[in-house]
Every structure is written in structure tokens, then in C-alpha cells.
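One structure is given here, and the rest of the page talks about it.
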Amino acid sequence: MAVSFVCTSCGRCCSSLGRSISIVRRVTGRHFDCQEAVRHESFRAEIADEYRGSVPSGEACPFLVRTALDEAICACYQTRPRLCREYRCASMRVFDSGGVERGHVGGRRSLLSDDPILVALWDSGDGENDATWRKRMDAAITAVGYRADWYD
Ligand code: SF4
Ligand code: SF4
């Protein structure tokens, strides 16, 4: 059973991926022809009505908009490029003793895994600080013979 992923809208993904996205030309008030430099793909971005006045933004990606609560929002989410559609958020990956990936953490502490051992031991540690939680989960993962690789 996979535990559902909760995106925290931190924007780290877009701050990184978005550096490869540039506007080539404005087509209409809400449509932009764009280029993405990783896969070298072109796409036409359509801006959602509520963000029409916010694009291009001053962020790494011209379509990355910040709310008053500092949430990162994609202004062209329905038409975002394949690079963004296929991105897998991961702050940690777990491997078994054979080096096969058994699951990963998306968002803050959401486990995405079909491995029953990993699902059973998972505890998102609500209220626990990150360093303590990481140390505890690392020990639990190691105890079942798995390995955790953490990404900062
Ligand atoms: S196009 Fe949207 S999803 Fe892709 S990097 Fe920019 S803001 Fe993020
Ligand atoms: S997908 Fe991950 S990195 Fe991107 S905004 Fe959501 S939690 Fe942050």
C-alpha cells in the first residue's frame, strides 16, 4: 500500500527545474511560447486566470508564483512541460540489501512505497523535529536491513 503524497508547496522543485524554462514570446495575454533546456522541448504555457498579472515572475521559473503565505504555485500547472510532469519529489530514498529501491519520501515526510515492511515501520513523527525524526527513522530502516539515502 502506498501512503499518499502530500506536497508542501515549498517550491524547491520549481526553483531548480525552473532555471531551465524560459519564455520565447508572448502569444496572447495568457499564452506564452516557451523553451525548456533540459529535454530541449518547446511548450505553450497557458496561465490560469487568477495568475495572469503575475507572469513572468521574478522567480527561477517565470511561472512560479508565491502566495501571501509563501506557498509556491505553478501559474501554468495544466500546461506545464513534461520535465515538470515527470518530476518525482524525493528527500530520501530507501534501498534493500540488494540495492533495489523500495520507496522514497516525497514532500516533507510522505512515504511512497508498496513495500509492506517499509510501510509498517513508517512513522511521520508529527511534532518531532527533523533531526530527531531522521535519526530515528534511519535506525528503524537500518534495523530491517535496508539503507536510507537522504538528500539535503
Ligand atoms: S512550469 Fe510550473 S511546475 Fe514547472 S518549474 Fe515552472 S512553476 Fe514549476
Ligand atoms: S513537489 Fe516536493 S519539492 Fe516540489 S513543492 Fe512539492 S514538496 Fe516541494
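Each chain in the C-alpha cells gets a letter, A, B, ..., in the order shown, and its residues are numbered from 1; ligands are numbered from 1 in order too.
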
9 Å shell around ligand 1 using only C-alpha atoms and all ligand atoms, listed as a PDB file with N, CA and C atoms, in the first residue's frame:
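Ended up saving to pocket_38.pdb:
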ATOM      1  N   GLY A  11       8.244  24.719  -3.103  1.00  0.00           N
ATOM      2  CA  GLY A  11       8.794  25.334  -4.311  1.00  0.00           C
ATOM      3  C   GLY A  11      10.225  24.961  -4.636  1.00  0.00           C
ATOM      4  N   ARG A  12      10.825  24.069  -3.846  1.00  0.00           N
ATOM      5  CA  ARG A  12      12.227  23.700  -4.116  1.00  0.00           C
ATOM      6  C   ARG A  12      12.381  23.088  -5.503  1.00  0.00           C
ATOM      7  N   CYS A  13      11.415  22.271  -5.898  1.00  0.00           N
ATOM      8  CA  CYS A  13      11.496  21.634  -7.223  1.00  0.00           C
ATOM      9  C   CYS A  13      11.488  22.688  -8.323  1.00  0.00           C
ATOM     10  N   CYS A  14      10.571  23.627  -8.228  1.00  0.00           N
ATOM     11  CA  CYS A  14      10.446  24.642  -9.277  1.00  0.00           C
ATOM     12  C   CYS A  14      11.633  25.612  -9.269  1.00  0.00           C
ATOM     13  N   SER A  15      12.202  25.858  -8.102  1.00  0.00           N
ATOM     14  CA  SER A  15      13.369  26.734  -8.033  1.00  0.00           C
ATOM     15  C   SER A  15      14.551  26.111  -8.749  1.00  0.00           C
ATOM     16  N   SER A  16      14.571  24.794  -8.813  1.00  0.00           N
ATOM     17  CA  SER A  16      15.653  24.099  -9.505  1.00  0.00           C
ATOM     18  C   SER A  16      15.292  23.841 -10.974  1.00  0.00           C
ATOM     19  N   LEU A  17      14.200  23.104 -11.205  1.00  0.00           N
ATOM     20  CA  LEU A  17      13.792  22.796 -12.582  1.00  0.00           C
ATOM     21  C   LEU A  17      13.533  24.065 -13.383  1.00  0.00           C
ATOM     22  N   GLY A  18      12.983  25.042 -12.696  1.00  0.00           N
ATOM     23  CA  GLY A  18      12.531  26.250 -13.388  1.00  0.00           C
ATOM     24  C   GLY A  18      13.643  27.039 -14.033  1.00  0.00           C
ATOM     25  N   ARG A  19      14.881  26.824 -13.590  1.00  0.00           N
ATOM     26  CA  ARG A  19      16.001  27.549 -14.217  1.00  0.00           C
ATOM     27  C   ARG A  19      16.149  27.184 -15.683  1.00  0.00           C
ATOM     28  N   SER A  20      15.612  26.034 -16.070  1.00  0.00           N
ATOM     29  CA  SER A  20      15.755  25.598 -17.467  1.00  0.00           C
ATOM     30  C   SER A  20      14.610  26.093 -18.344  1.00  0.00           C
ATOM     31  N   ILE A  21      13.672  26.813 -17.756  1.00  0.00           N
ATOM     32  CA  ILE A  21      12.480  27.225 -18.513  1.00  0.00           C
ATOM     33  C   ILE A  21      12.552  28.708 -18.844  1.00  0.00           C
ATOM     34  N   ALA A  45       2.591  27.623 -22.722  1.00  0.00           N
ATOM     35  CA  ALA A  45       2.035  27.734 -21.376  1.00  0.00           C
ATOM     36  C   ALA A  45       0.773  28.584 -21.414  1.00  0.00           C
ATOM     37  N   GLU A  59      10.927  34.853 -10.157  1.00  0.00           N
ATOM     38  CA  GLU A  59      11.499  33.616  -9.599  1.00  0.00           C
ATOM     39  C   GLU A  59      12.332  32.878 -10.649  1.00  0.00           C
ATOM     40  N   ALA A  60      12.932  31.762 -10.225  1.00  0.00           N
ATOM     41  CA  ALA A  60      13.758  30.958 -11.136  1.00  0.00           C
ATOM     42  C   ALA A  60      12.953  30.559 -12.366  1.00  0.00           C
ATOM     43  N   CYS A  61      11.722  30.122 -12.166  1.00  0.00           N
ATOM     44  CA  CYS A  61      10.840  29.832 -13.285  1.00  0.00           C
ATOM     45  C   CYS A  61       9.887  31.010 -13.449  1.00  0.00           C
ATOM     46  N   PRO A  62       9.687  31.471 -14.667  1.00  0.00           N
ATOM     47  CA  PRO A  62       8.797  32.636 -14.848  1.00  0.00           C
ATOM     48  C   PRO A  62       7.354  32.352 -14.463  1.00  0.00           C
ATOM     49  N   PHE A  63       7.004  31.056 -14.267  1.00  0.00           N
ATOM     50  CA  PHE A  63       5.623  30.705 -13.933  1.00  0.00           C
ATOM     51  C   PHE A  63       5.437  30.354 -12.460  1.00  0.00           C
ATOM     52  N   LEU A  64       6.481  30.479 -11.709  1.00  0.00           N
ATOM     53  CA  LEU A  64       6.419  30.183 -10.270  1.00  0.00           C
ATOM     54  C   LEU A  64       5.947  31.426  -9.524  1.00  0.00           C
ATOM     55  N   VAL A  65       4.792  31.299  -8.887  1.00  0.00           N
ATOM     56  CA  VAL A  65       4.178  32.420  -8.190  1.00  0.00           C
ATOM     57  C   VAL A  65       4.112  32.096  -6.699  1.00  0.00           C
ATOM     58  N   ALA A  72       4.390  28.054  -2.949  1.00  0.00           N
ATOM     59  CA  ALA A  72       4.809  28.135  -4.350  1.00  0.00           C
ATOM     60  C   ALA A  72       3.729  27.508  -5.229  1.00  0.00           C
ATOM     61  N   ILE A  73       3.274  28.284  -6.213  1.00  0.00           N
ATOM     62  CA  ILE A  73       2.199  27.835  -7.097  1.00  0.00           C
ATOM     63  C   ILE A  73       2.679  27.917  -8.544  1.00  0.00           C
ATOM     64  N   CYS A  74       2.333  26.896  -9.327  1.00  0.00           N
ATOM     65  CA  CYS A  74       2.637  26.943 -10.759  1.00  0.00           C
ATOM     66  C   CYS A  74       1.467  27.628 -11.458  1.00  0.00           C
ATOM     67  N   ALA A  75       1.760  28.754 -12.107  1.00  0.00           N
ATOM     68  CA  ALA A  75       0.695  29.526 -12.758  1.00  0.00           C
ATOM     69  C   ALA A  75       0.197  28.868 -14.042  1.00  0.00           C
ATOM     70  N   CYS A  76       0.957  27.901 -14.557  1.00  0.00           N
ATOM     71  CA  CYS A  76       0.538  27.239 -15.813  1.00  0.00           C
ATOM     72  C   CYS A  76       0.424  25.733 -15.582  1.00  0.00           C
ATOM     73  N   TYR A  77      -0.034  25.354 -14.414  1.00  0.00           N
ATOM     74  CA  TYR A  77       0.006  23.948 -13.987  1.00  0.00           C
ATOM     75  C   TYR A  77      -0.574  22.976 -15.019  1.00  0.00           C
ATOM     76  N   GLN A  78      -1.690  23.312 -15.638  1.00  0.00           N
ATOM     77  CA  GLN A  78      -2.333  22.393 -16.590  1.00  0.00           C
ATOM     78  C   GLN A  78      -1.524  22.220 -17.868  1.00  0.00           C
ATOM     79  N   THR A  79      -0.640  23.150 -18.142  1.00  0.00           N
ATOM     80  CA  THR A  79       0.137  23.093 -19.392  1.00  0.00           C
ATOM     81  C   THR A  79       1.639  23.054 -19.126  1.00  0.00           C
ATOM     82  N   ARG A  80       2.038  22.706 -17.913  1.00  0.00           N
ATOM     83  CA  ARG A  80       3.461  22.676 -17.574  1.00  0.00           C
ATOM     84  C   ARG A  80       4.173  21.618 -18.445  1.00  0.00           C
ATOM     85  N   PRO A  81       5.465  21.781 -18.663  1.00  0.00           N
ATOM     86  CA  PRO A  81       6.188  20.864 -19.571  1.00  0.00           C
ATOM     87  C   PRO A  81       6.377  19.463 -18.974  1.00  0.00           C
ATOM     88  N   ARG A  82       6.750  18.538 -19.819  1.00  0.00           N
ATOM     89  CA  ARG A  82       6.940  17.142 -19.421  1.00  0.00           C
ATOM     90  C   ARG A  82       7.969  17.024 -18.292  1.00  0.00           C
ATOM     91  N   LEU A  83       8.998  17.842 -18.360  1.00  0.00           N
ATOM     92  CA  LEU A  83      10.032  17.841 -17.316  1.00  0.00           C
ATOM     93  C   LEU A  83       9.388  17.983 -15.933  1.00  0.00           C
ATOM     94  N   CYS A  84       8.440  18.866 -15.824  1.00  0.00           N
ATOM     95  CA  CYS A  84       7.768  19.098 -14.541  1.00  0.00           C
ATOM     96  C   CYS A  84       6.759  17.998 -14.240  1.00  0.00           C
ATOM     97  N   ARG A  85       6.066  17.514 -15.255  1.00  0.00           N
ATOM     98  CA  ARG A  85       5.058  16.460 -15.039  1.00  0.00           C
ATOM     99  C   ARG A  85       5.699  15.178 -14.520  1.00  0.00           C
ATOM    100  N   TYR A  87       8.561  14.926 -12.838  1.00  0.00           N
ATOM    101  CA  TYR A  87       9.426  15.108 -11.674  1.00  0.00           C
ATOM    102  C   TYR A  87       8.889  14.307 -10.486  1.00  0.00           C
TER     103      TYR A  87
END

Show me, as JSON lines, the residues of chain A having an atom within 6 Å of ligand 2, each with the closest atom pair and its distance in Å, using only C-alpha atoms and all ligand atoms.
{"residue": "A:Cys7", "atom": "CA", "partner": "ligand 2", "partner_atom_place_in_ligand_line": "6 (Fe)", "distance": 3.9}
{"residue": "A:Thr8", "atom": "CA", "partner": "ligand 2", "partner_atom_place_in_ligand_line": "7 (S)", "distance": 4.4}
{"residue": "A:Ser9", "atom": "CA", "partner": "ligand 2", "partner_atom_place_in_ligand_line": "5 (S)", "distance": 3.8}
{"residue": "A:Cys10", "atom": "CA", "partner": "ligand 2", "partner_atom_place_in_ligand_line": "8 (Fe)", "distance": 4.1}
{"residue": "A:Gly11", "atom": "CA", "partner": "ligand 2", "partner_atom_place_in_ligand_line": "5 (S)", "distance": 4.0}
{"residue": "A:Arg12", "atom": "CA", "partner": "ligand 2", "partner_atom_place_in_ligand_line": "3 (S)", "distance": 4.4}
{"residue": "A:Cys13", "atom": "CA", "partner": "ligand 2", "partner_atom_place_in_ligand_line": "4 (Fe)", "distance": 4.2}
{"residue": "A:Cys89", "atom": "CA", "partner": "ligand 2", "partner_atom_place_in_ligand_line": "2 (Fe)", "distance": 4.4}
{"residue": "A:Gly106", "atom": "CA", "partner": "ligand 2", "partner_atom_place_in_ligand_line": "2 (Fe)", "distance": 5.9}
{"residue": "A:Gly107", "atom": "CA", "partner": "ligand 2", "partner_atom_place_in_ligand_line": "7 (S)", "distance": 3.4}

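Nearest residue to Tyr146 in chain A, choosing from A:Val94, A:Ala48, A:Ile117, A:Ala131 and counting only C-alpha atoms: A:Val94.
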
Q) Tell me, which residues of range 44-77 of chain A carry DSSP strand (DSSP E or B), written as a list in words? A)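 The strand (DSSP E or B) residues within range 44-77 of chain A come out as Arg44, Ala45, Glu46, Leu64, Val65, Arg66, Ala72, Ile73 and Cys74 of chain A.
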
Give me, as JSON lines, the closest atom pair and its distance (Å, one decimal) for every residue of range 6-125 of chain A within a cut-off of 10 Å of range 139-145 of chain A, counting only C-alpha atoms, rows sorted by chain and rising number.
{"residue": "A:Val94", "atom": "CA", "partner": "A:Ile141", "partner_atom": "CA", "distance": 8.0}
{"residue": "A:Phe95", "atom": "CA", "partner": "A:Gly145", "partner_atom": "CA", "distance": 9.1}
{"residue": "A:Asp96", "atom": "CA", "partner": "A:Gly145", "partner_atom": "CA", "distance": 6.7}
{"residue": "A:Ser97", "atom": "CA", "partner": "A:Gly145", "partner_atom": "CA", "distance": 6.2}
{"residue": "A:Gly98", "atom": "CA", "partner": "A:Gly145", "partner_atom": "CA", "distance": 9.9}
{"residue": "A:Ile117", "atom": "CA", "partner": "A:Val144", "partner_atom": "CA", "distance": 8.0}
{"residue": "A:Leu118", "atom": "CA", "partner": "A:Ile141", "partner_atom": "CA", "distance": 7.6}
{"residue": "A:Leu121", "atom": "CA", "partner": "A:Ala140", "partner_atom": "CA", "distance": 7.1}
{"residue": "A:Trp122", "atom": "CA", "partner": "A:Ala140", "partner_atom": "CA", "distance": 8.6}
{"residue": "A:Asp123", "atom": "CA", "partner": "A:Ala140", "partner_atom": "CA", "distance": 9.9}

Restricted to C-alpha atoms, what would the selected residues look like written as a PDB file, in the first residue's frame?
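part21.pdb written:
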ATOM      1  CA  VAL A  94      15.299   3.566   0.672  1.00  0.00           C
ATOM      2  CA  PHE A  95      17.148   0.598  -0.819  1.00  0.00           C
ATOM      3  CA  ASP A  96      17.116  -3.061   0.201  1.00  0.00           C
ATOM      4  CA  SER A  97      20.274  -5.137   0.761  1.00  0.00           C
ATOM      5  CA  GLY A  98      20.400  -5.891  -2.964  1.00  0.00           C
ATOM      6  CA  ILE A 117       7.989  -3.811   5.608  1.00  0.00           C
ATOM      7  CA  LEU A 118       8.659  -0.169   4.918  1.00  0.00           C
ATOM      8  CA  LEU A 121       7.703   0.791  10.110  1.00  0.00           C
ATOM      9  CA  TRP A 122       6.869   4.246   8.775  1.00  0.00           C
ATOM     10  CA  ASP A 123       6.082   6.973  11.274  1.00  0.00           C
TER      11      ASP A 123
END

Q | Shell of 10 Å around Cys34 in chain A, only C-alpha atoms, local chain residues under 6 positions omitted, as a list in words | A |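 My list of contacting residues is Ile21, Ser22, Ile23, Val24, Arg25, Arg26, Glu41, Ser42, Phe43, Arg44, Ala45 and Pro81 of chain A.
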
Q) Taking the backbone alone, and naming residues the way the document does, which bits of range 34-131 of chain A are helix (DSSP H, G or I) by DSSP, as a PyMOL selection string? A) chain A and resi 49-54+77-79+82-85+116-121+130-131

Go ahead and dump the residues you just picked, C-alpha atoms, as a tab-separated table (two decimals), in the first residue's frame.
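Below you can see result-v3.tsv, which holds the result:
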chain	number	residue	atom	x	y	z
A	49	ASP	CA	-6.94	33.33	-14.81
A	50	GLU	CA	-6.02	34.20	-11.24
A	51	TYR	CA	-2.30	34.49	-12.08
A	52	ARG	CA	-2.47	36.45	-15.33
A	53	GLY	CA	-0.90	39.54	-13.80
A	54	SER	CA	1.83	37.59	-12.02
A	77	TYR	CA	0.01	23.95	-13.99
A	78	GLN	CA	-2.33	22.39	-16.59
A	79	THR	CA	0.14	23.09	-19.39
A	82	ARG	CA	6.94	17.14	-19.42
A	83	LEU	CA	10.03	17.84	-17.32
A	84	CYS	CA	7.77	19.10	-14.54
A	85	ARG	CA	5.06	16.46	-15.04
A	116	PRO	CA	4.90	-3.81	3.36
A	117	ILE	CA	7.99	-3.81	5.61
A	118	LEU	CA	8.66	-0.17	4.92
A	119	VAL	CA	5.02	0.84	5.19
A	120	ALA	CA	4.73	-0.96	8.55
A	121	LEU	CA	7.70	0.79	10.11
A	130	ASP	CA	13.62	16.96	11.61
A	131	ALA	CA	16.99	15.88	13.05

Q) Which polymer residues have any atom within 6 Å of an atom of Gly103 in chain A, counting only C-alpha atoms, with same-chain residues fewer than 4 positions away left out, as an MDAnalysis selection string? A) chainID A and resid 93:94 112:113

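The space between CA of Ser57 in chain A and CA of His40 in chain A spans 21.8 Å.
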
(Q) Given only C-alpha atoms as the basis, pick out the residue of A:Glu71, A:Thr28, A:Arg109, A:His104 nearest to Glu128 in chain A. (A)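 Going through A:Glu71, A:Thr28, A:Arg109, A:His104 one by one, the smallest distance to Glu128 in chain A is for A:Arg109.
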
(Q) Quick check, in Å to one decimal: how far apart do CA of Val6 in chain A and CA of Leu111 in chain A lie? (A) 9.4 Å

**Q.** Contact residues around Met92 in chain A with only C-alpha atoms at 8 Å, ignoring same-chain residues under 6 positions, as number ranges by chain
**A.** A: 104-106, 148-151

How about saving the chosen residues, N, CA and C atoms kept, as an mmCIF file, in the first residue's frame?
data_model
loop_
_atom_site.group_PDB
_atom_site.id
_atom_site.type_symbol
_atom_site.label_atom_id
_atom_site.label_comp_id
_atom_site.auth_asym_id
_atom_site.auth_seq_id
_atom_site.Cartn_x
_atom_site.Cartn_y
_atom_site.Cartn_z
ATOM 1 N N HIS A 104 10.441 5.905 -1.442
ATOM 2 C CA HIS A 104 11.081 7.206 -1.256
ATOM 3 C C HIS A 104 10.147 8.146 -0.505
ATOM 4 N N VAL A 105 10.736 9.215 0.005
ATOM 5 C CA VAL A 105 9.967 10.217 0.731
ATOM 6 C C VAL A 105 9.726 11.402 -0.179
ATOM 7 N N GLY A 106 8.458 11.762 -0.329
ATOM 8 C CA GLY A 106 8.107 12.951 -1.096
ATOM 9 C C GLY A 106 7.581 14.007 -0.153
ATOM 10 N N ALA A 148 18.978 3.965 3.925
ATOM 11 C CA ALA A 148 18.329 5.213 3.535
ATOM 12 C C ALA A 148 19.375 6.196 3.024
ATOM 13 N N ASP A 149 19.123 6.761 1.864
ATOM 14 C CA ASP A 149 19.960 7.853 1.350
ATOM 15 C C ASP A 149 19.150 9.144 1.456
ATOM 16 N N TRP A 150 19.688 10.090 2.173
ATOM 17 C CA TRP A 150 18.978 11.359 2.406
ATOM 18 C C TRP A 150 19.559 12.442 1.511
ATOM 19 N N TYR A 151 18.711 13.294 1.004
ATOM 20 C CA TYR A 151 19.152 14.386 0.138
ATOM 21 C C TYR A 151 18.803 15.708 0.790
#

Q: Quick one: pull the distance between CA of Phe32 in chain A and CA of Arg66 in chain A, Å, one decimal.
A: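 Rounded to one decimal, the two atoms are 19.5 Å apart.
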